[in-house]
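First comes the structure, then the notes that go with it.
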Amino acid sequence: MIDASGQPLGRLSTQVATYLRGKHKPIYAPHLDTGDFVIVINAAKVRLTGRKLEQKRYYHHSGYPGGMKIRQLSSELERLPERVIERAVHGMLPKGPLGLELFRHLKVYRGATHPHEAQIKAPPPAAFVAGAPGSNSPNARRITPEPDGEEAAAVAVAVSEPAAPEPAEALPDAAAEAPAAPARPRRRRTPRTEPRGDE
């Protein structure tokens with residue numbers, strides 16, 4: 001939650017855009033939505049430097065001839081001060097679907113009251129605890145703990161004295177028990193004596 005009373009419009013907007021994009025987090029990625037929801041209160045008390053109240057104008061055209069609408073910043077602050085901050089922040093967000101999704105996370109209110117007390121007073125989410133490097137990779141090398149002194153000695157003895165191979169059980173001779181199959185006579189090829197048709 002950010003209080004806009006007495007803050008310059010541009011400096012406030014850059015701070016809000018940074019929180020919306022998530023650039024204050026180490027997990028920031030420009031193509032992902034890693035930001036937070038931002039609540040801005042006291043939008044009517046935002047500060048403007050120079051002669052922006054008289055000189056700055058907002059332009060909107062309907063697309064039809066003579067459809068240009070011009071509003072001064074002073075009249076916009078009196079009518080809808082929330083829109084002044086929203087338009088300034090909207091210009092600092094990326095254009096496209098990601099920027100529209102980030103802009104929905106901005107909540108601006110004219111006064112000090114807002115309907116988000118439950119979200120602000122809620123306990124923060126549990127911190128992300130990263131596992132050991134490579135713990136979630138299926139092909140990573142696993143680090144096994146070193147054996148104690150007694151276990152290491154038992155492993156060394158087992159390695160130095162190979163166990164004697166067990167005698168293989170005598171398998172019954174299947175060829176001796178089964179009767180021999182009679183040999184099939186080989187068919188003899190006879191030479192061809194008849195002439196071919198083309199000869």
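Ligands are numbered from 1 in the order shown, residues from 1 within each chain, and chains are lettered A, B, ... in the order they appear in the structure tokens.
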Contact check, segment 63-126 of chain A to segment 7-12 of chain A, at most 12 Å, counting only C-alpha atoms, closest pairs as JSON lines:
```
{"residue": "A:Leu73", "atom": "CA", "partner": "A:Leu9", "partner_atom": "CA", "distance": 11.7}
{"residue": "A:Leu77", "atom": "CA", "partner": "A:Leu9", "partner_atom": "CA", "distance": 11.7}
{"residue": "A:Pro81", "atom": "CA", "partner": "A:Leu9", "partner_atom": "CA", "distance": 11.2}
{"residue": "A:Glu82", "atom": "CA", "partner": "A:Leu9", "partner_atom": "CA", "distance": 11.6}
{"residue": "A:Arg83", "atom": "CA", "partner": "A:Leu9", "partner_atom": "CA", "distance": 11.9}
{"residue": "A:Val84", "atom": "CA", "partner": "A:Leu9", "partner_atom": "CA", "distance": 8.6}
{"residue": "A:Ile85", "atom": "CA", "partner": "A:Leu9", "partner_atom": "CA", "distance": 7.1}
{"residue": "A:Glu86", "atom": "CA", "partner": "A:Leu9", "partner_atom": "CA", "distance": 10.5}
{"residue": "A:Arg87", "atom": "CA", "partner": "A:Leu9", "partner_atom": "CA", "distance": 10.7}
{"residue": "A:Ala88", "atom": "CA", "partner": "A:Gly10", "partner_atom": "CA", "distance": 7.4}
{"residue": "A:Val89", "atom": "CA", "partner": "A:Gly10", "partner_atom": "CA", "distance": 8.7}
{"residue": "A:His90", "atom": "CA", "partner": "A:Gly10", "partner_atom": "CA", "distance": 11.9}
{"residue": "A:Gly91", "atom": "CA", "partner": "A:Gly10", "partner_atom": "CA", "distance": 11.0}
{"residue": "A:Met92", "atom": "CA", "partner": "A:Gly10", "partner_atom": "CA", "distance": 10.1}
```
Requested write-out: C-alpha atoms of the selected residues, as a CSV table (one decimal), in the first residue's frame:
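Result went into selection03.csv, see below:
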```csv
chain,number,residue,atom,x,y,z
A,73,LEU,CA,-5.2,18.0,-15.7
A,77,LEU,CA,-8.0,15.9,-10.7
A,81,PRO,CA,-8.1,11.8,-9.4
A,82,GLU,CA,-7.8,8.0,-9.6
A,83,ARG,CA,-7.6,8.2,-13.4
A,84,VAL,CA,-4.6,10.5,-13.3
A,85,ILE,CA,-2.4,8.0,-11.5
A,86,GLU,CA,-3.8,5.1,-13.5
A,87,ARG,CA,-3.0,6.7,-16.8
A,88,ALA,CA,0.6,7.6,-15.6
A,89,VAL,CA,1.2,4.1,-14.5
A,90,HIS,CA,-0.4,2.5,-17.5
A,91,GLY,CA,2.1,4.3,-19.8
A,92,MET,CA,5.0,2.7,-17.9
```
Neighbour list for Asp33 of chain A as a list in words, cut-off 10 Å, only C-alpha atoms, skip fewer than 4 positions in-chain: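 Counting only C-alpha atoms, the residues come to Leu20, Arg21, Gly22, Tyr28, Ala29, Leu98, Gly99, Glu101 and Leu102 of chain A.
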Contacts of segment 103-109 of chain A within 7 Å, only C-alpha atoms, excl. fewer than 4 positions in-chain, as a ChimeraX atom specification: /A:37-43,82,90,99,114
Just write the chosen residues, N, CA and C atoms, as a compact mmCIF listing (two decimals), in the first residue's frame.
```txt
# COMPACT_ATOMS: atom_id res chain seq x y z
N PHE A 37 0.20 -6.99 -6.06
CA PHE A 37 -0.93 -6.06 -6.11
C PHE A 37 -0.52 -4.79 -5.37
N VAL A 38 -0.89 -3.64 -5.92
CA VAL A 38 -0.51 -2.34 -5.33
C VAL A 38 -1.79 -1.55 -5.06
N ILE A 39 -1.90 -1.02 -3.83
CA ILE A 39 -3.02 -0.18 -3.43
C ILE A 39 -2.49 1.24 -3.20
N VAL A 40 -3.08 2.20 -3.90
CA VAL A 40 -2.68 3.61 -3.77
C VAL A 40 -3.85 4.36 -3.14
N ILE A 41 -3.58 5.05 -2.04
CA ILE A 41 -4.62 5.82 -1.36
C ILE A 41 -4.28 7.30 -1.45
N ASN A 42 -5.27 8.13 -1.16
CA ASN A 42 -5.13 9.59 -1.19
C ASN A 42 -4.66 10.08 -2.56
N ALA A 43 -5.31 9.59 -3.61
CA ALA A 43 -4.92 9.99 -4.96
C ALA A 43 -5.22 11.46 -5.22
N GLU A 82 -8.32 9.40 -9.42
CA GLU A 82 -7.76 8.05 -9.56
C GLU A 82 -7.24 7.82 -10.98
N HIS A 90 -0.10 3.32 -16.37
CA HIS A 90 -0.38 2.50 -17.55
C HIS A 90 0.64 2.74 -18.65
N GLY A 99 0.92 -6.42 -20.10
CA GLY A 99 0.67 -5.12 -19.49
C GLY A 99 -0.76 -4.97 -19.01
N HIS A 114 -10.22 2.11 1.88
CA HIS A 114 -10.21 1.15 0.77
C HIS A 114 -10.76 -0.17 1.30
```
Atom CA of Lys45 of chain A to atom CA of Ser5 of chain A, straight-line distance in Å: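 For atom CA of Ser5 of chain A relative to atom CA of Lys45 of chain A, the distance reads 4.5 Å.
You can rank A:Asp36, A:Glu76, A:Glu54, A:Asp3 by their closest distance to Gln119 of chain A using only C-alpha atoms, and at the top of that list sits A:Asp36.
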